[in-house]
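Trainee: For reference, this is protein.pdb, and it has PDB, C-alpha atoms, pLDDT in the B column.
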MODEL        1
ATOM      1  CA  MET A 191      86.404  61.866 -63.538  1.00 71.00           C
ATOM      2  CA  LEU A 192      89.542  60.341 -62.111  1.00 81.00           C
ATOM      3  CA  ALA A 193      91.290  57.302 -63.452  1.00 85.00           C
ATOM      4  CA  PRO A 194      90.630  54.066 -61.520  1.00 84.00           C
ATOM      5  CA  GLU A 195      94.323  53.820 -60.614  1.00 86.00           C
ATOM      6  CA  THR A 196      94.193  57.266 -59.023  1.00 86.00           C
ATOM      7  CA  LEU A 197      91.081  56.407 -57.020  1.00 85.00           C
ATOM      8  CA  GLN A 198      92.729  53.186 -55.898  1.00 88.00           C
ATOM      9  CA  GLN A 199      95.839  55.152 -54.840  1.00 89.00           C
ATOM     10  CA  LEU A 200      93.675  57.638 -52.895  1.00 91.00           C
ATOM     11  CA  GLN A 201      91.843  54.834 -51.046  1.00 93.00           C
ATOM     12  CA  LYS A 202      95.097  53.776 -49.332  1.00 92.00           C
ATOM     13  CA  TYR A 203      95.146  56.883 -47.143  1.00 94.00           C
ATOM     14  CA  ASN A 204      92.926  58.320 -44.426  1.00 95.00           C
ATOM     15  CA  PHE A 205      93.296  61.993 -45.358  1.00 94.00           C
ATOM     16  CA  ASP A 206      90.888  63.105 -42.623  1.00 94.00           C
ATOM     17  CA  LEU A 207      93.133  61.574 -39.981  1.00 95.00           C
ATOM     18  CA  LEU A 208      96.253  62.981 -41.627  1.00 93.00           C
ATOM     19  CA  ALA A 209      94.680  66.452 -41.689  1.00 94.00           C
ATOM     20  CA  HIS A 210      93.644  66.151 -38.057  1.00 95.00           C
ATOM     21  CA  GLN A 211      97.178  65.240 -36.981  1.00 94.00           C
ATOM     22  CA  GLU A 212      98.929  67.839 -39.156  1.00 91.00           C
ATOM     23  CA  PRO A 213     100.142  70.988 -37.350  1.00 91.00           C
ATOM     24  CA  SER A 214     100.862  72.887 -40.578  1.00 90.00           C
ATOM     25  CA  GLY A 215      97.811  74.666 -41.970  1.00 92.00           C
ATOM     26  CA  ARG A 216      99.132  74.481 -45.516  1.00 92.00           C
ATOM     27  CA  ARG A 217      99.551  70.703 -45.431  1.00 93.00           C
ATOM     28  CA  ARG A 218      96.257  70.262 -43.581  1.00 95.00           C
ATOM     29  CA  LEU A 219      94.426  72.078 -46.374  1.00 96.00           C
ATOM     30  CA  ARG A 220      96.046  69.827 -48.977  1.00 95.00           C
ATOM     31  CA  TYR A 221      95.030  66.690 -47.083  1.00 96.00           C
ATOM     32  CA  ILE A 222      91.455  67.952 -46.761  1.00 97.00           C
ATOM     33  CA  ALA A 223      91.384  68.632 -50.504  1.00 96.00           C
ATOM     34  CA  LEU A 224      92.525  65.084 -51.218  1.00 96.00           C
ATOM     35  CA  ALA A 225      89.858  63.785 -48.819  1.00 96.00           C
ATOM     36  CA  HIS A 226      87.213  65.634 -50.858  1.00 96.00           C
ATOM     37  CA  ILE A 227      88.603  64.217 -54.109  1.00 95.00           C
ATOM     38  CA  LYS A 228      88.622  60.740 -52.542  1.00 94.00           C
ATOM     39  CA  ASP A 229      84.933  61.231 -51.642  1.00 94.00           C
ATOM     40  CA  GLY A 230      84.127  61.821 -55.318  1.00 92.00           C
ATOM     41  CA  LYS A 231      84.088  65.609 -55.563  1.00 94.00           C
ATOM     42  CA  SER A 232      85.582  67.291 -58.583  1.00 93.00           C
ATOM     43  CA  PRO A 233      88.576  69.630 -58.232  1.00 94.00           C
ATOM     44  CA  THR A 234      86.243  72.587 -58.879  1.00 95.00           C
ATOM     45  CA  GLU A 235      83.796  71.512 -56.153  1.00 96.00           C
ATOM     46  CA  THR A 236      86.690  70.901 -53.784  1.00 96.00           C
ATOM     47  CA  ALA A 237      88.150  74.318 -54.555  1.00 96.00           C
ATOM     48  CA  LEU A 238      84.827  76.018 -53.854  1.00 96.00           C
ATOM     49  CA  ALA A 239      84.438  74.150 -50.560  1.00 96.00           C
ATOM     50  CA  LEU A 240      87.965  75.075 -49.409  1.00 96.00           C
ATOM     51  CA  ARG A 241      87.996  78.579 -50.896  1.00 96.00           C
ATOM     52  CA  VAL A 242      91.075  77.971 -52.998  1.00 96.00           C
ATOM     53  CA  THR A 243      91.531  78.011 -56.754  1.00 96.00           C
ATOM     54  CA  PRO A 244      90.705  74.927 -58.800  1.00 96.00           C
ATOM     55  CA  ARG A 245      94.227  75.135 -60.188  1.00 96.00           C
ATOM     56  CA  ALA A 246      95.666  74.670 -56.696  1.00 95.00           C
ATOM     57  CA  VAL A 247      93.550  71.556 -56.103  1.00 96.00           C
ATOM     58  CA  THR A 248      94.544  70.156 -59.494  1.00 95.00           C
ATOM     59  CA  ARG A 249      98.218  70.840 -58.719  1.00 94.00           C
ATOM     60  CA  TRP A 250      97.991  69.055 -55.350  1.00 94.00           C
ATOM     61  CA  LEU A 251      96.281  66.076 -56.997  1.00 94.00           C
ATOM     62  CA  LYS A 252      98.969  65.955 -59.686  1.00 93.00           C
ATOM     63  CA  TRP A 253     101.682  66.042 -57.046  1.00 92.00           C
ATOM     64  CA  PHE A 254     100.000  63.133 -55.259  1.00 93.00           C
ATOM     65  CA  ILE A 255      99.629  61.093 -58.457  1.00 92.00           C
ATOM     66  CA  ASP A 256     103.157  61.745 -59.721  1.00 91.00           C
ATOM     67  CA  GLU A 257     105.214  61.703 -56.526  1.00 89.00           C
ATOM     68  CA  GLY A 258     103.033  60.424 -53.698  1.00 89.00           C
ATOM     69  CA  LEU A 259     102.065  61.722 -50.292  1.00 89.00           C
ATOM     70  CA  ASP A 260     105.519  63.076 -49.448  1.00 87.00           C
ATOM     71  CA  ARG A 261     105.300  65.626 -52.263  1.00 88.00           C
ATOM     72  CA  VAL A 262     101.888  66.813 -51.073  1.00 89.00           C
ATOM     73  CA  ALA A 263     103.407  67.368 -47.632  1.00 86.00           C
ATOM     74  CA  GLY A 264     105.839  69.787 -49.244  1.00 81.00           C
ATOM     75  CA  ILE A 265     109.427  69.960 -50.309  1.00 74.00           C
ATOM     76  CA  PRO A 266     112.178  71.496 -48.210  1.00 65.00           C
ATOM     77  CA  HIS A 267     113.079  75.008 -49.228  1.00 60.00           C
ATOM     78  CA  TYR A 268     116.560  75.965 -50.354  1.00 58.00           C
ATOM     79  CA  TRP A 269     117.163  78.057 -47.261  1.00 57.00           C
ATOM     80  CA  SER A 270     116.615  75.096 -44.935  1.00 58.00           C
ATOM     81  CA  THR A 271     120.007  73.746 -46.040  1.00 58.00           C
ATOM     82  CA  GLN A 272     121.653  77.083 -45.257  1.00 64.00           C
ATOM     83  CA  ARG A 273     121.062  76.838 -41.519  1.00 82.00           C
ATOM     84  CA  LEU A 274     123.633  76.189 -38.831  1.00 86.00           C
ATOM     85  CA  PRO A 275     123.547  72.480 -37.898  1.00 85.00           C
ATOM     86  CA  ILE A 276     122.482  71.757 -34.318  1.00 84.00           C
ATOM     87  CA  ALA A 277     125.775  69.924 -33.748  1.00 88.00           C
ATOM     88  CA  GLN A 278     127.660  73.174 -34.384  1.00 90.00           C
ATOM     89  CA  GLU A 279     125.591  75.426 -32.119  1.00 89.00           C
ATOM     90  CA  GLU A 280     127.940  75.146 -29.136  1.00 91.00           C
ATOM     91  CA  ALA A 281     130.984  75.846 -31.324  1.00 93.00           C
ATOM     92  CA  PHE A 282     129.123  78.874 -32.712  1.00 92.00           C
ATOM     93  CA  ARG A 283     128.336  80.101 -29.191  1.00 90.00           C
ATOM     94  CA  GLN A 284     132.017  79.847 -28.238  1.00 90.00           C
ATOM     95  CA  ALA A 285     133.102  81.586 -31.452  1.00 91.00           C
ATOM     96  CA  VAL A 286     130.806  84.549 -30.705  1.00 87.00           C
ATOM     97  CA  GLU A 287     132.165  84.768 -27.151  1.00 84.00           C
ATOM     98  CA  GLN A 288     135.738  84.677 -28.486  1.00 87.00           C
ATOM     99  CA  LEU A 289     134.870  87.378 -31.002  1.00 86.00           C
ATOM    100  CA  GLN A 290     133.674  89.603 -28.164  1.00 80.00           C
ATOM    101  CA  HIS A 291     136.682  88.785 -26.004  1.00 78.00           C
ATOM    102  CA  HIS A 292     139.192  89.616 -28.757  1.00 79.00           C
ATOM    103  CA  ARG A 293     137.372  92.785 -29.777  1.00 74.00           C
ATOM    104  CA  GLY A 294     139.538  95.771 -28.862  1.00 63.00           C
ATOM    105  CA  GLY A 295     136.649  98.175 -28.493  1.00 62.00           C
ATOM    106  CA  GLY A 296     133.073  98.646 -29.540  1.00 65.00           C
ATOM    107  CA  ARG A 297     130.413  95.991 -29.851  1.00 75.00           C
ATOM    108  CA  VAL A 298     129.921  92.735 -31.662  1.00 80.00           C
ATOM    109  CA  ARG A 299     127.149  93.581 -34.098  1.00 85.00           C
ATOM    110  CA  GLY A 300     124.782  91.351 -36.030  1.00 87.00           C
ATOM    111  CA  GLU A 301     126.816  91.963 -39.188  1.00 90.00           C
ATOM    112  CA  ASP A 302     129.952  90.737 -37.401  1.00 89.00           C
ATOM    113  CA  VAL A 303     128.146  87.552 -36.387  1.00 91.00           C
ATOM    114  CA  ARG A 304     126.797  87.115 -39.934  1.00 92.00           C
ATOM    115  CA  GLN A 305     130.340  87.287 -41.307  1.00 93.00           C
ATOM    116  CA  LEU A 306     131.538  84.856 -38.634  1.00 92.00           C
ATOM    117  CA  LEU A 307     128.846  82.364 -39.685  1.00 93.00           C
ATOM    118  CA  ALA A 308     129.854  82.658 -43.335  1.00 92.00           C
ATOM    119  CA  GLN A 309     133.607  82.379 -42.760  1.00 93.00           C
ATOM    120  CA  GLN A 310     133.874  79.793 -39.994  1.00 93.00           C
ATOM    121  CA  PHE A 311     130.725  77.724 -40.463  1.00 91.00           C
ATOM    122  CA  GLY A 312     130.005  78.103 -44.185  1.00 89.00           C
ATOM    123  CA  VAL A 313     126.354  79.144 -43.799  1.00 89.00           C
ATOM    124  CA  ASP A 314     124.782  82.297 -45.218  1.00 88.00           C
ATOM    125  CA  TYR A 315     122.313  84.111 -43.008  1.00 90.00           C
ATOM    126  CA  THR A 316     120.443  87.328 -43.466  1.00 89.00           C
ATOM    127  CA  LEU A 317     120.853  89.870 -40.706  1.00 89.00           C
ATOM    128  CA  ASN A 318     117.358  89.062 -39.446  1.00 89.00           C
ATOM    129  CA  GLY A 319     118.248  85.363 -39.523  1.00 88.00           C
ATOM    130  CA  VAL A 320     121.313  86.058 -37.368  1.00 89.00           C
ATOM    131  CA  TYR A 321     119.159  87.794 -34.765  1.00 88.00           C
ATOM    132  CA  GLU A 322     116.668  84.891 -34.799  1.00 87.00           C
ATOM    133  CA  LEU A 323     119.514  82.379 -34.354  1.00 88.00           C
ATOM    134  CA  LEU A 324     120.948  84.347 -31.429  1.00 88.00           C
ATOM    135  CA  LYS A 325     117.498  84.590 -29.862  1.00 86.00           C
ATOM    136  CA  ARG A 326     116.940  80.838 -30.267  1.00 84.00           C
ATOM    137  CA  LEU A 327     120.285  80.174 -28.579  1.00 85.00           C
ATOM    138  CA  ASP A 328     119.423  82.600 -25.729  1.00 84.00           C
ATOM    139  CA  MET A 329     122.263  84.931 -26.614  1.00 83.00           C
ATOM    140  CA  ALA A 330     122.039  88.706 -26.531  1.00 71.00           C
ATOM    141  CA  TRP A 331     121.875  90.055 -30.075  1.00 60.00           C
ATOM    142  CA  ILE A 332     124.191  92.878 -29.165  1.00 61.00           C
ATOM    143  CA  SER A 333     126.913  92.449 -26.606  1.00 54.00           C
ATOM    144  CA  ALA A 334     127.960  94.865 -23.907  1.00 49.00           C
ATOM    145  CA  ARG A 335     130.641  97.354 -24.745  1.00 53.00           C
ATOM    146  CA  SER A 336     134.128  96.141 -24.122  1.00 54.00           C
ATOM    147  CA  VAL A 337     136.330  98.009 -21.647  1.00 63.00           C
ATOM    148  CA  THR A 338     138.156 100.927 -23.187  1.00 70.00           C
ATOM    149  CA  PRO A 339     141.950 100.779 -22.962  1.00 69.00           C
ATOM    150  CA  ASN A 340     141.879 104.259 -21.339  1.00 79.00           C
ATOM    151  CA  ALA A 341     139.783 103.093 -18.368  1.00 80.00           C
ATOM    152  CA  ASN A 342     141.308 103.493 -14.917  1.00 86.00           C
ATOM    153  CA  PRO A 343     139.617 101.057 -12.493  1.00 85.00           C
ATOM    154  CA  ALA A 344     141.137 102.749  -9.432  1.00 90.00           C
ATOM    155  CA  ARG A 345     139.739 106.161 -10.377  1.00 89.00           C
ATOM    156  CA  GLN A 346     136.338 104.589 -11.169  1.00 87.00           C
ATOM    157  CA  ALA A 347     136.223 102.927  -7.742  1.00 87.00           C
ATOM    158  CA  GLU A 348     137.155 106.224  -6.062  1.00 88.00           C
ATOM    159  CA  PHE A 349     134.396 108.022  -7.993  1.00 88.00           C
ATOM    160  CA  LYS A 350     131.824 105.441  -6.904  1.00 85.00           C
ATOM    161  CA  LYS A 351     132.808 105.907  -3.247  1.00 86.00           C
ATOM    162  CA  LYS A 352     132.419 109.705  -3.397  1.00 84.00           C
ATOM    163  CA  SER A 353     129.167 109.814  -5.357  1.00 80.00           C
ATOM    164  CA  VAL A 354     125.900 110.056  -3.432  1.00 71.00           C
ATOM    165  CA  PRO A 355     123.465 107.226  -4.239  1.00 70.00           C
ATOM    166  CA  ARG A 356     120.195 108.347  -5.784  1.00 69.00           C
ATOM    167  CA  GLY A 357     117.135 108.438  -3.598  1.00 63.00           C
ATOM    168  CA  THR A 358     119.037 109.028  -0.345  1.00 59.00           C
ATOM    169  CA  GLY A 359     119.540 112.354   1.340  1.00 58.00           C
ATOM    170  CA  GLY A 360     117.819 115.525   0.314  1.00 55.00           C
ATOM    171  CA  SER A 361     114.992 117.281   2.065  1.00 56.00           C
ATOM    172  CA  ALA A 362     111.420 116.099   2.376  1.00 55.00           C
ATOM    173  CA  VAL A 363     108.727 118.504   1.299  1.00 50.00           C
TER     174      VAL A 363
ENDMDL
END
Write out the structure in this file as structure tokens.
Mentor:
Amino acid sequence: MLAPETLQQLQKYNFDLLAHQEPSGRRRLRYIALAHIKDGKSPTETALALRVTPRAVTRWLKWFIDEGLDRVAGIPHYWSTQRLPIAQEEAFRQAVEQLQHHRGGGRVRGEDVRQLLAQQFGVDYTLNGVYELLKRLDMAWISARSVTPNANPARQAEFKKKSVPRGTGGSAV
């Protein structure tokens, strides 16, 4: 049986509506659990109805009692503060392009971009996180090879003129 203060606190919220509007499945489940508790079900009955452990329902109820609805919605994770701020995305894009431009040879790899993020922007990313960031910013995760210093554009142009394009010429069978 819940304390009268807790029941009074639960009556302030329409958990069914909150659950209906919530895009996150985890938060939606918590709101539904609180709706069951508000309707007079025990944590054990609620847990059976939602197919979760009674301990989880009790924990969610405790969070609600101690810290309110915001705590039930969830707390930000430590890695959410490690991300590149949106305001710095354009500067990051330019820094990656400069890195490629100043590269003498080879490619700009994900590890190079990860180090750039750590040194210039002060954020730590995993390699997978770097690739996700580049994808979100519509940047290729691996850049084209830079031009080798030994390249001779005149000889390359001459070669292209002399070579026969594929699919033309030849005999028909």
Trainee: Decode the PyMOL selection byres ((chain A and resi 228) around 10) for the given file into explicit residues and return them as a count of residues only.
Mentor: 20
Trainee: Looking at only C-alpha atoms, which of A:Leu207, A:Thr234, A:Asn340, A:Met329 is the one that sits closest to Glu287 (chain A)?
Mentor: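 That would be A:Met329, the residue with the smallest distance to Glu287 (chain A).
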Trainee: Please evaluate the PyMOL selection byres ((chain A and resi 302) around 12) against the displayed coordinates and give the resulting residues as a compact mmCIF listing (two decimals) with C-alpha atoms, in the coordinates of the input.
Mentor:
# COMPACT_ATOMS: atom_id res chain seq x y z
CA ALA A 285 133.10 81.59 -31.45
CA VAL A 286 130.81 84.55 -30.70
CA LEU A 289 134.87 87.38 -31.00
CA GLN A 290 133.67 89.60 -28.16
CA ARG A 293 137.37 92.78 -29.78
CA GLY A 296 133.07 98.65 -29.54
CA ARG A 297 130.41 95.99 -29.85
CA VAL A 298 129.92 92.74 -31.66
CA ARG A 299 127.15 93.58 -34.10
CA GLY A 300 124.78 91.35 -36.03
CA GLU A 301 126.82 91.96 -39.19
CA VAL A 303 128.15 87.55 -36.39
CA ARG A 304 126.80 87.12 -39.93
CA GLN A 305 130.34 87.29 -41.31
CA LEU A 306 131.54 84.86 -38.63
CA LEU A 307 128.85 82.36 -39.68
CA ALA A 308 129.85 82.66 -43.34
CA GLN A 309 133.61 82.38 -42.76
CA GLN A 310 133.87 79.79 -39.99
CA TYR A 315 122.31 84.11 -43.01
CA THR A 316 120.44 87.33 -43.47
CA LEU A 317 120.85 89.87 -40.71
CA VAL A 320 121.31 86.06 -37.37
CA TYR A 321 119.16 87.79 -34.76
CA TRP A 331 121.88 90.06 -30.08
CA ILE A 332 124.19 92.88 -29.16
CA SER A 333 126.91 92.45 -26.61
Trainee: Using all atoms listed in the file, which of the listed residues (A:Ala277, A:Leu219, A:Val313, A:Met191) sits closest to Trp250 (chain A)?
Mentor: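 Ranked by minimum distance to Trp250 (chain A), first place goes to A:Leu219.
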Trainee: Figure out the distance between CA of Tyr221 (chain A) and CA of Trp253 (chain A), please, to one decimal in Å.
Mentor: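 Taking CA of Trp253 (chain A) as the start and CA of Tyr221 (chain A) as the end point, the length is 12.0 Å.
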Trainee: What's the 9 Å shell around Val247 (chain A), counting all atoms listed in the file, without same-chain residues fewer than 2 positions away, as a list in words?
Mentor: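 Residues near the query, excluding close chain neighbours: Arg220, Ala223, Leu224, Pro233, Thr234, Thr236, Ala237, Val242, Thr243, Pro244, Arg245, Arg249, Trp250, Leu251 and Lys252 of chain A.
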Trainee: Could you work out how far CA of Glu279 (chain A) lies from CA of Lys325 (chain A), giving the answer in Å with one decimal?
Mentor: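 Between CA of Lys325 (chain A) and CA of Glu279 (chain A) the gap is 12.4 Å.
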Trainee: Given all atoms listed in the file as the basis, pick out the residue of A:Leu274, A:Leu324, A:Leu259, A:Leu238 nearest to Lys202 (chain A).
Mentor: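 Answer, going by the shortest atom-to-atom distance: A:Leu259.
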Trainee: Hey, can you check how far CA of Gly215 (chain A) sits from CA of Phe254 (chain A)?
Mentor: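 These atoms are spaced 17.7 Å apart.
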Trainee: Select, counting only C-alpha atoms, all protein, DNA and RNA residues no farther than 12 Å from (108.0, 70.2, -52.9) in file coordinates, and express the selection as a list in words.
Mentor: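 In the file's frame, the residues around the point are Arg217, Arg249, Trp250, Trp253, Phe254, Asp256, Glu257, Gly258, Leu259, Asp260, Arg261, Val262, Ala263, Gly264, Ile265, Pro266, His267 and Tyr268 of chain A.
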Trainee: Would you mind telling me which residue in A:Gln346, A:Arg273, A:Ala193, A:Thr338 lies nearest to Gly319 (chain A) when using all atoms listed in the file?
Mentor: A:Arg273
